[in-house]
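A.B. asks: Here you go, this is work-v8.cif (mmCIF, C-alpha atoms; chains and numbers go by the auth columns).
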data_coords
#
loop_
_atom_site.group_PDB
_atom_site.id
_atom_site.type_symbol
_atom_site.label_atom_id
_atom_site.label_comp_id
_atom_site.label_asym_id
_atom_site.label_seq_id
_atom_site.Cartn_x
_atom_site.Cartn_y
_atom_site.Cartn_z
_atom_site.B_iso_or_equiv
_atom_site.auth_seq_id
_atom_site.auth_asym_id
ATOM 1 C CA MET A 1 24.440 3.810 -23.359 0.00 1 A
ATOM 2 C CA SER A 2 23.324 6.972 -21.629 0.00 2 A
ATOM 3 C CA HIS A 3 19.601 6.976 -21.130 0.00 3 A
ATOM 4 C CA VAL A 4 19.282 9.808 -18.627 0.00 4 A
ATOM 5 C CA ALA A 5 15.626 9.976 -17.589 0.00 5 A
ATOM 6 C CA ASN A 6 13.566 12.849 -16.216 0.00 6 A
ATOM 7 C CA VAL A 7 11.097 11.909 -13.463 0.00 7 A
ATOM 8 C CA GLU A 8 7.795 13.789 -13.604 0.00 8 A
ATOM 9 C CA VAL A 9 7.573 14.922 -10.015 0.00 9 A
ATOM 10 C CA GLU A 10 8.194 18.407 -8.682 0.00 10 A
ATOM 11 C CA ILE A 11 10.100 18.373 -5.413 0.00 11 A
ATOM 12 C CA ASN A 12 9.478 21.511 -3.366 0.00 12 A
ATOM 13 C CA ASP A 13 10.264 20.163 0.082 0.00 13 A
ATOM 14 C CA LEU A 14 13.644 18.534 0.618 0.00 14 A
ATOM 15 C CA ALA A 15 12.714 17.534 4.179 0.00 15 A
ATOM 16 C CA SER A 16 9.859 15.428 2.805 0.00 16 A
ATOM 17 C CA LEU A 17 12.161 13.935 0.187 0.00 17 A
ATOM 18 C CA LYS A 18 14.494 12.880 3.009 0.00 18 A
ATOM 19 C CA VAL A 19 11.574 11.198 4.792 0.00 19 A
ATOM 20 C CA ALA A 20 10.660 9.397 1.559 0.00 20 A
ATOM 21 C CA CYS A 21 14.234 8.182 1.173 0.00 21 A
ATOM 22 C CA HIS A 22 14.196 6.860 4.725 0.00 22 A
ATOM 23 C CA GLN A 23 10.908 5.020 4.121 0.00 23 A
ATOM 24 C CA LEU A 24 12.399 3.336 1.065 0.00 24 A
ATOM 25 C CA GLY A 25 15.714 2.449 2.690 0.00 25 A
ATOM 26 C CA VAL A 26 17.852 4.632 0.443 0.00 26 A
ATOM 27 C CA GLU A 27 20.313 7.339 1.388 0.00 27 A
ATOM 28 C CA PHE A 28 19.741 11.064 0.774 0.00 28 A
ATOM 29 C CA ARG A 29 23.157 12.623 0.268 0.00 29 A
ATOM 30 C CA GLU A 30 22.648 16.298 0.978 0.00 30 A
ATOM 31 C CA GLY A 31 24.935 18.642 -0.924 0.00 31 A
ATOM 32 C CA GLN A 32 26.451 15.930 -3.140 0.00 32 A
ATOM 33 C CA LYS A 33 26.947 17.794 -6.410 0.00 33 A
ATOM 34 C CA SER A 34 27.321 14.838 -8.746 0.00 34 A
ATOM 35 C CA TYR A 35 25.563 11.534 -9.266 0.00 35 A
ATOM 36 C CA GLU A 36 26.981 8.349 -10.728 0.00 36 A
ATOM 37 C CA TRP A 37 25.913 7.545 -14.298 0.00 37 A
ATOM 38 C CA TYR A 38 27.421 6.289 -17.572 0.00 38 A
ATOM 39 C CA GLY A 39 29.488 9.447 -17.714 0.00 39 A
ATOM 40 C CA GLU A 40 29.051 10.386 -21.357 0.00 40 A
ATOM 41 C CA PHE A 41 25.961 11.377 -23.307 0.00 41 A
ATOM 42 C CA LEU A 42 25.800 9.391 -26.537 0.00 42 A
ATOM 43 C CA ASN A 43 22.606 11.009 -27.875 0.00 43 A
ATOM 44 C CA ASP A 44 21.162 7.512 -28.192 0.00 44 A
ATOM 45 C CA TRP A 45 17.721 7.905 -26.593 0.00 45 A
ATOM 46 C CA ASN A 46 14.789 9.983 -27.788 0.00 46 A
ATOM 47 C CA SER A 47 12.006 8.879 -25.436 0.00 47 A
ATOM 48 C CA LYS A 48 9.530 11.375 -23.981 0.00 48 A
ATOM 49 C CA ASN A 49 11.064 10.374 -20.644 0.00 49 A
ATOM 50 C CA ALA A 50 14.532 11.437 -21.768 0.00 50 A
ATOM 51 C CA ALA A 51 15.923 14.348 -19.798 0.00 51 A
ATOM 52 C CA VAL A 52 17.060 16.004 -23.050 0.00 52 A
ATOM 53 C CA ASN A 53 13.394 16.177 -24.082 0.00 53 A
ATOM 54 C CA ASN A 54 12.373 17.795 -20.802 0.00 54 A
ATOM 55 C CA GLY A 55 14.409 20.968 -20.792 0.00 55 A
ATOM 56 C CA TYR A 56 17.772 19.650 -19.655 0.00 56 A
ATOM 57 C CA ASP A 57 21.099 20.301 -21.365 0.00 57 A
ATOM 58 C CA SER A 58 23.034 17.046 -21.733 0.00 58 A
ATOM 59 C CA SER A 59 26.220 18.854 -20.699 0.00 59 A
ATOM 60 C CA THR A 60 24.787 19.031 -17.166 0.00 60 A
ATOM 61 C CA PHE A 61 24.169 15.275 -16.859 0.00 61 A
ATOM 62 C CA GLY A 62 25.869 13.888 -13.816 0.00 62 A
ATOM 63 C CA THR A 63 25.633 17.163 -11.918 0.00 63 A
ATOM 64 C CA CYS A 64 23.029 17.815 -9.236 0.00 64 A
ATOM 65 C CA GLU A 65 22.227 19.703 -6.057 0.00 65 A
ATOM 66 C CA HIS A 66 21.814 16.562 -3.949 0.00 66 A
ATOM 67 C CA ALA A 67 21.939 12.846 -4.680 0.00 67 A
ATOM 68 C CA ILE A 68 20.120 9.673 -3.685 0.00 68 A
ATOM 69 C CA HIS A 69 22.236 6.577 -3.166 0.00 69 A
ATOM 70 C CA ILE A 70 20.820 3.069 -3.175 0.00 70 A
ATOM 71 C CA PRO A 71 22.867 0.592 -1.125 0.00 71 A
ATOM 72 C CA GLY A 72 24.549 -1.920 -3.417 0.00 72 A
ATOM 73 C CA VAL A 73 23.927 0.088 -6.592 0.00 73 A
ATOM 74 C CA ASN A 74 26.677 2.124 -8.245 0.00 74 A
ATOM 75 C CA TYR A 75 24.496 4.485 -10.257 0.00 75 A
ATOM 76 C CA GLU A 76 22.609 7.186 -8.342 0.00 76 A
ATOM 77 C CA VAL A 77 19.613 9.479 -8.659 0.00 77 A
ATOM 78 C CA GLY A 78 20.339 13.182 -9.016 0.00 78 A
ATOM 79 C CA VAL A 79 18.173 15.810 -7.354 0.00 79 A
ATOM 80 C CA VAL A 80 18.437 18.557 -9.954 0.00 80 A
ATOM 81 C CA LYS A 81 16.954 22.029 -10.265 0.00 81 A
ATOM 82 C CA ASN A 82 13.686 22.130 -12.178 0.00 82 A
ATOM 83 C CA PRO A 83 14.406 23.844 -15.520 0.00 83 A
ATOM 84 C CA ASN A 84 10.800 25.069 -15.708 0.00 84 A
ATOM 85 C CA GLY A 85 10.584 26.859 -12.382 0.00 85 A
ATOM 86 C CA THR A 86 11.271 26.482 -8.702 0.00 86 A
ATOM 87 C CA GLY A 87 12.015 23.292 -6.867 0.00 87 A
ATOM 88 C CA TYR A 88 13.717 20.130 -7.999 0.00 88 A
ATOM 89 C CA ARG A 89 13.214 17.070 -10.136 0.00 89 A
ATOM 90 C CA LEU A 90 14.806 13.649 -10.102 0.00 90 A
ATOM 91 C CA GLN A 91 17.138 12.464 -12.853 0.00 91 A
ATOM 92 C CA TYR A 92 19.024 9.199 -13.346 0.00 92 A
ATOM 93 C CA ASP A 93 20.629 7.034 -15.997 0.00 93 A
ATOM 94 C CA SER A 94 17.995 4.402 -16.733 0.00 94 A
ATOM 95 C CA TRP A 95 20.414 2.237 -18.712 0.00 95 A
ATOM 96 C CA GLY A 96 24.044 1.827 -17.741 0.00 96 A
ATOM 97 C CA GLY A 97 26.135 -1.305 -17.400 0.00 97 A
ATOM 98 C CA GLY A 98 24.084 -3.296 -19.876 0.00 98 A
ATOM 99 C CA GLY A 99 20.953 -2.023 -18.225 0.00 99 A
ATOM 100 C CA SER A 100 21.631 -3.573 -14.852 0.00 100 A
ATOM 101 C CA GLU A 101 22.393 -0.343 -13.001 0.00 101 A
ATOM 102 C CA GLY A 102 19.381 1.549 -14.311 0.00 102 A
ATOM 103 C CA LYS A 103 17.236 -1.512 -13.695 0.00 103 A
ATOM 104 C CA ALA A 104 18.463 -1.767 -10.124 0.00 104 A
ATOM 105 C CA ILE A 105 17.379 1.815 -9.471 0.00 105 A
ATOM 106 C CA GLN A 106 13.970 1.122 -11.011 0.00 106 A
ATOM 107 C CA ASN A 107 13.517 -2.115 -9.069 0.00 107 A
ATOM 108 C CA LYS A 108 14.122 -0.306 -5.796 0.00 108 A
ATOM 109 C CA LEU A 109 12.224 2.915 -6.473 0.00 109 A
ATOM 110 C CA GLY A 110 9.236 1.809 -8.548 0.00 110 A
ATOM 111 C CA GLY A 111 9.972 1.502 -12.255 0.00 111 A
ATOM 112 C CA MET A 112 10.954 4.004 -14.933 0.00 112 A
ATOM 113 C CA HIS A 113 9.033 6.813 -13.246 0.00 113 A
ATOM 114 C CA LEU A 114 10.301 5.981 -9.735 0.00 114 A
ATOM 115 C CA SER A 115 6.689 5.681 -8.597 0.00 115 A
ATOM 116 C CA LYS A 116 7.517 4.517 -5.081 0.00 116 A
ATOM 117 C CA MET A 117 9.650 7.597 -4.520 0.00 117 A
ATOM 118 C CA LYS A 118 6.876 9.832 -5.860 0.00 118 A
ATOM 119 C CA THR A 119 4.192 8.279 -3.642 0.00 119 A
ATOM 120 C CA GLU A 120 6.363 8.294 -0.521 0.00 120 A
ATOM 121 C CA TYR A 121 7.294 11.926 -1.177 0.00 121 A
ATOM 122 C CA SER A 122 3.618 12.871 -1.499 0.00 122 A
ATOM 123 C CA ALA A 123 2.825 10.948 1.687 0.00 123 A
ATOM 124 C CA ALA A 124 5.548 12.800 3.565 0.00 124 A
ATOM 125 C CA VAL A 125 4.324 16.176 2.259 0.00 125 A
ATOM 126 C CA ALA A 126 0.735 15.402 3.268 0.00 126 A
ATOM 127 C CA THR A 127 1.751 14.181 6.732 0.00 127 A
ATOM 128 C CA LYS A 128 3.839 17.275 7.401 0.00 128 A
ATOM 129 C CA PHE A 129 1.048 19.563 6.184 0.00 129 A
ATOM 130 C CA LEU A 130 -1.607 18.021 8.404 0.00 130 A
ATOM 131 C CA GLN A 131 0.633 18.045 11.460 0.00 131 A
ATOM 132 C CA ARG A 132 1.578 21.689 10.925 0.00 132 A
ATOM 133 C CA GLN A 133 -2.072 22.647 10.461 0.00 133 A
ATOM 134 C CA GLY A 134 -2.917 21.209 13.856 0.00 134 A
ATOM 135 C CA TYR A 135 -4.630 18.003 12.742 0.00 135 A
ATOM 136 C CA ARG A 136 -4.412 15.343 15.411 0.00 136 A
ATOM 137 C CA GLY A 137 -3.873 11.635 15.183 0.00 137 A
ATOM 138 C CA VAL A 138 -2.276 11.912 11.769 0.00 138 A
ATOM 139 C CA VAL A 139 -1.748 8.358 10.623 0.00 139 A
ATOM 140 C CA ARG A 140 -0.174 6.708 7.605 0.00 140 A
ATOM 141 C CA ARG A 141 -1.657 3.442 6.401 0.00 141 A
ATOM 142 C CA VAL A 142 -1.102 1.258 3.362 0.00 142 A
ATOM 143 C CA LEU A 143 -4.568 0.110 2.263 0.00 143 A
ATOM 144 C CA ALA A 144 -5.448 -3.266 0.772 0.00 144 A
ATOM 145 C CA ASN A 145 -5.592 -1.699 -2.697 0.00 145 A
ATOM 146 C CA GLY A 146 -2.017 -0.495 -2.316 0.00 146 A
ATOM 147 C CA LYS A 147 -2.872 3.170 -1.840 0.00 147 A
ATOM 148 C CA ILE A 148 -1.156 5.113 0.930 0.00 148 A
ATOM 149 C CA GLN A 149 -3.669 6.838 3.202 0.00 149 A
ATOM 150 C CA ILE A 150 -2.770 9.892 5.298 0.00 150 A
ATOM 151 C CA LYS A 151 -5.578 11.042 7.555 0.00 151 A
ATOM 152 C CA GLY A 152 -6.041 13.531 10.373 0.00 152 A
ATOM 153 C CA SER A 153 -8.823 15.406 12.172 0.00 153 A
ATOM 154 C CA LYS A 154 -9.319 18.515 14.264 0.00 154 A
ATOM 155 C CA PHE A 155 -12.180 20.473 15.821 0.00 155 A
ATOM 156 C CA MET B 1 -14.856 17.561 13.517 0.00 1 B
ATOM 157 C CA LYS B 2 -12.910 18.485 10.385 0.00 2 B
ATOM 158 C CA THR B 3 -11.135 15.635 8.651 0.00 3 B
ATOM 159 C CA ILE B 4 -8.701 15.569 5.740 0.00 4 B
ATOM 160 C CA GLU B 5 -7.851 12.256 4.102 0.00 5 B
ATOM 161 C CA VAL B 6 -5.197 11.955 1.391 0.00 6 B
ATOM 162 C CA LEU B 7 -5.081 8.841 -0.807 0.00 7 B
ATOM 163 C CA ILE B 8 -1.935 8.354 -2.861 0.00 8 B
ATOM 164 C CA ASP B 9 -1.051 5.828 -5.550 0.00 9 B
ATOM 165 C CA ASP B 10 1.240 5.678 -8.572 0.00 10 B
ATOM 166 C CA GLU B 11 -1.058 7.767 -10.737 0.00 11 B
ATOM 167 C CA THR B 12 -2.937 10.244 -8.596 0.00 12 B
ATOM 168 C CA THR B 13 -3.346 11.871 -5.229 0.00 13 B
ATOM 169 C CA VAL B 14 -6.920 12.356 -4.024 0.00 14 B
ATOM 170 C CA VAL B 15 -7.761 14.749 -1.204 0.00 15 B
ATOM 171 C CA LYS B 16 -11.036 14.052 0.642 0.00 16 B
ATOM 172 C CA THR B 17 -12.454 16.397 3.232 0.00 17 B
ATOM 173 C CA SER B 18 -15.396 16.302 5.604 0.00 18 B
ATOM 174 C CA GLY B 19 -16.835 18.628 8.210 0.00 19 B
ATOM 175 C CA PHE B 20 -15.907 21.850 6.440 0.00 20 B
ATOM 176 C CA THR B 21 -18.310 24.649 5.565 0.00 21 B
ATOM 177 C CA GLY B 22 -18.408 25.937 1.975 0.00 22 B
ATOM 178 C CA ALA B 23 -15.224 27.547 0.698 0.00 23 B
ATOM 179 C CA GLU B 24 -13.524 26.850 4.030 0.00 24 B
ATOM 180 C CA CYS B 25 -12.686 23.476 2.570 0.00 25 B
ATOM 181 C CA THR B 26 -10.966 24.930 -0.491 0.00 26 B
ATOM 182 C CA LYS B 27 -9.017 27.301 1.713 0.00 27 B
ATOM 183 C CA ALA B 28 -7.977 24.495 4.026 0.00 28 B
ATOM 184 C CA THR B 29 -6.662 22.293 1.240 0.00 29 B
ATOM 185 C CA ALA B 30 -5.238 24.896 -1.156 0.00 30 B
ATOM 186 C CA ALA B 31 -1.814 24.898 0.443 0.00 31 B
ATOM 187 C CA LEU B 32 -1.775 21.101 0.553 0.00 32 B
ATOM 188 C CA GLU B 33 -2.685 20.840 -3.114 0.00 33 B
ATOM 189 C CA LYS B 34 0.012 23.348 -4.007 0.00 34 B
ATOM 190 C CA ALA B 35 2.580 21.339 -2.089 0.00 35 B
ATOM 191 C CA LEU B 36 1.478 18.057 -3.663 0.00 36 B
ATOM 192 C CA GLY B 37 1.324 19.279 -7.244 0.00 37 B
ATOM 193 C CA LYS B 38 -0.993 20.656 -9.886 0.00 38 B
ATOM 194 C CA THR B 39 -4.715 20.115 -9.421 0.00 39 B
ATOM 195 C CA SER B 40 -5.976 18.045 -12.329 0.00 40 B
ATOM 196 C CA THR B 41 -9.623 18.125 -11.319 0.00 41 B
ATOM 197 C CA ASP B 42 -11.497 20.152 -8.744 0.00 42 B
ATOM 198 C CA THR B 43 -15.071 18.924 -8.543 0.00 43 B
ATOM 199 C CA LYS B 44 -17.352 20.754 -6.165 0.00 44 B
ATOM 200 C CA THR B 45 -20.165 18.518 -5.025 0.00 45 B
ATOM 201 C CA PRO B 46 -23.520 19.940 -3.876 0.00 46 B
ATOM 202 C CA GLU B 47 -22.194 19.612 -0.343 0.00 47 B
ATOM 203 C CA TYR B 48 -19.689 22.322 -1.203 0.00 48 B
ATOM 204 C CA TYR B 49 -22.430 24.833 -0.507 0.00 49 B
ATOM 205 C CA LYS B 50 -23.107 23.528 2.987 0.00 50 B
ATOM 206 C CA VAL B 51 -21.347 21.517 5.640 0.00 51 B
ATOM 207 C CA GLY B 52 -20.254 18.301 4.013 0.00 52 B
ATOM 208 C CA ASN B 53 -17.641 16.309 2.164 0.00 53 B
ATOM 209 C CA GLN B 54 -15.499 17.194 -0.809 0.00 54 B
ATOM 210 C CA THR B 55 -13.102 15.254 -2.948 0.00 55 B
ATOM 211 C CA GLN B 56 -10.307 16.792 -4.970 0.00 56 B
ATOM 212 C CA LYS B 57 -7.952 14.907 -7.218 0.00 57 B
ATOM 213 C CA VAL B 58 -4.406 16.152 -7.446 0.00 58 B
ATOM 214 C CA GLY B 59 -2.052 15.163 -10.253 0.00 59 B
ATOM 215 C CA GLN B 60 1.458 13.921 -9.516 0.00 60 B
#
Could you render the structure as structure tokens?

C.D. replies:
Amino acid sequence: MSHVANVEVEINDLASLKVACHQLGVEFREGQKSYEWYGEFLNDWNSKNAAVNNGYDSSTFGTCEHAIHIPGVNYEVGVVKNPNGTGYRLQYDSWGGGGSEGKAIQNKLGGMHLSKMKTEYSAAVATKFLQRQGYRGVVRRVLANGKIQIKGSKF
Amino acid sequence: MKTIEVLIDDETTVVKTSGFTGAECTKATAALEKALGKTSTDTKTPEYYKVGNQTQKVGQ
């Protein structure tokens, strides 16, 4: 199977993506031009999440600008150029190896849409912004409702 | 004291501000919203027109 998924997040700041990777205990592999996946597109998935339905040519699957490696998992997440503009998006094979490889990625990074990676990326972007704008005491907290709070103040 | 608070979950990112005057708030958060993603809602409360709080929801 080759269920290469597009993740609906626009990455414009690689430094913040690196911070998010660190928070989640995964490895950002800068400059790695390929990511591990099934290796062949079988045209066997027509979900709205499928990369082929989000502007990507299947001939480019497996290629990327950078990659994210999860310790103990063979398949990887590709950081690929956004076909609709500037920046990057995340792409990975959500099936693979009877589903176990894709599932392992989802278990670590927050499901089909890699929600944990998206929230940690946003948290890193917000933290960096506030610090650069001169806000003091910028803190990151995980609230009881599960939300990540980034807060800072200045006169 | 000007404060910016960002609340992030799986679905949305909400930017809350306090202590800003009028459009100063929008100016202060515009770059942040651009970095975080497209603004899905931008509700200006009555406090927008004076010193006060404002909440903006940013899509992910």

A.B. asks: Please evaluate the PyMOL selection byres ((chain A) within 10 of (chain B)) against the displayed coordinates and give the resulting residues as a ChimeraX atom specification.

C.D. replies: /A:8-13,110,113-130,133,135-136,138-143,145-155

A.B. asks: For region 71-81 of chain A, find every residue with an atom within 9 Å (counting only C-alpha atoms), except residues of its own chain fewer than 6 positions away, and show them as a list of chain:residue names.

C.D. replies: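 The residues that qualify are A:Ile11, A:Gly25, A:Val26, A:Glu27, A:Gln32, A:Lys33, A:Ser34, A:Tyr35, A:Glu36, A:Trp37, A:Tyr38, A:Phe61, A:Gly62, A:Thr63, A:Cys64, A:Glu65, A:Gly87, A:Tyr88, A:Arg89, A:Leu90, A:Gln91, A:Tyr92, A:Asp93, A:Gly96, A:Glu101, A:Gly102, A:Ala104, A:Ile105.
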
A.B. asks: Hey, can you check how far CA of Leu24 (chain A) sits from CA of Arg132 (chain A)?

C.D. replies: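 So the two atoms, CA of Leu24 (chain A) and CA of Arg132 (chain A), lie 23.5 Å apart.
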
A.B. asks: Mind pulling up the distance from CA of Asn6 (chain A) to CA of Gly85 (chain A)?

C.D. replies: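 CA of Asn6 (chain A) lies at a distance of 14.8 Å from CA of Gly85 (chain A).
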
A.B. asks: Take CA of Ala67 (chain A) and CA of Ala5 (chain A) and report the distance between them in Å, one decimal.

C.D. replies: 14.7 Å

A.B. asks: Check the smallest atom-to-atom distance from each of A:His22, A:Glu30, A:His66, A:Gly55 to Asn82 (chain A) using all atoms listed in the file, then report the winner.

C.D. replies: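 Of A:His22, A:Glu30, A:His66, A:Gly55, the one nearest Asn82 (chain A) is A:Gly55, counting all atoms listed in the file.
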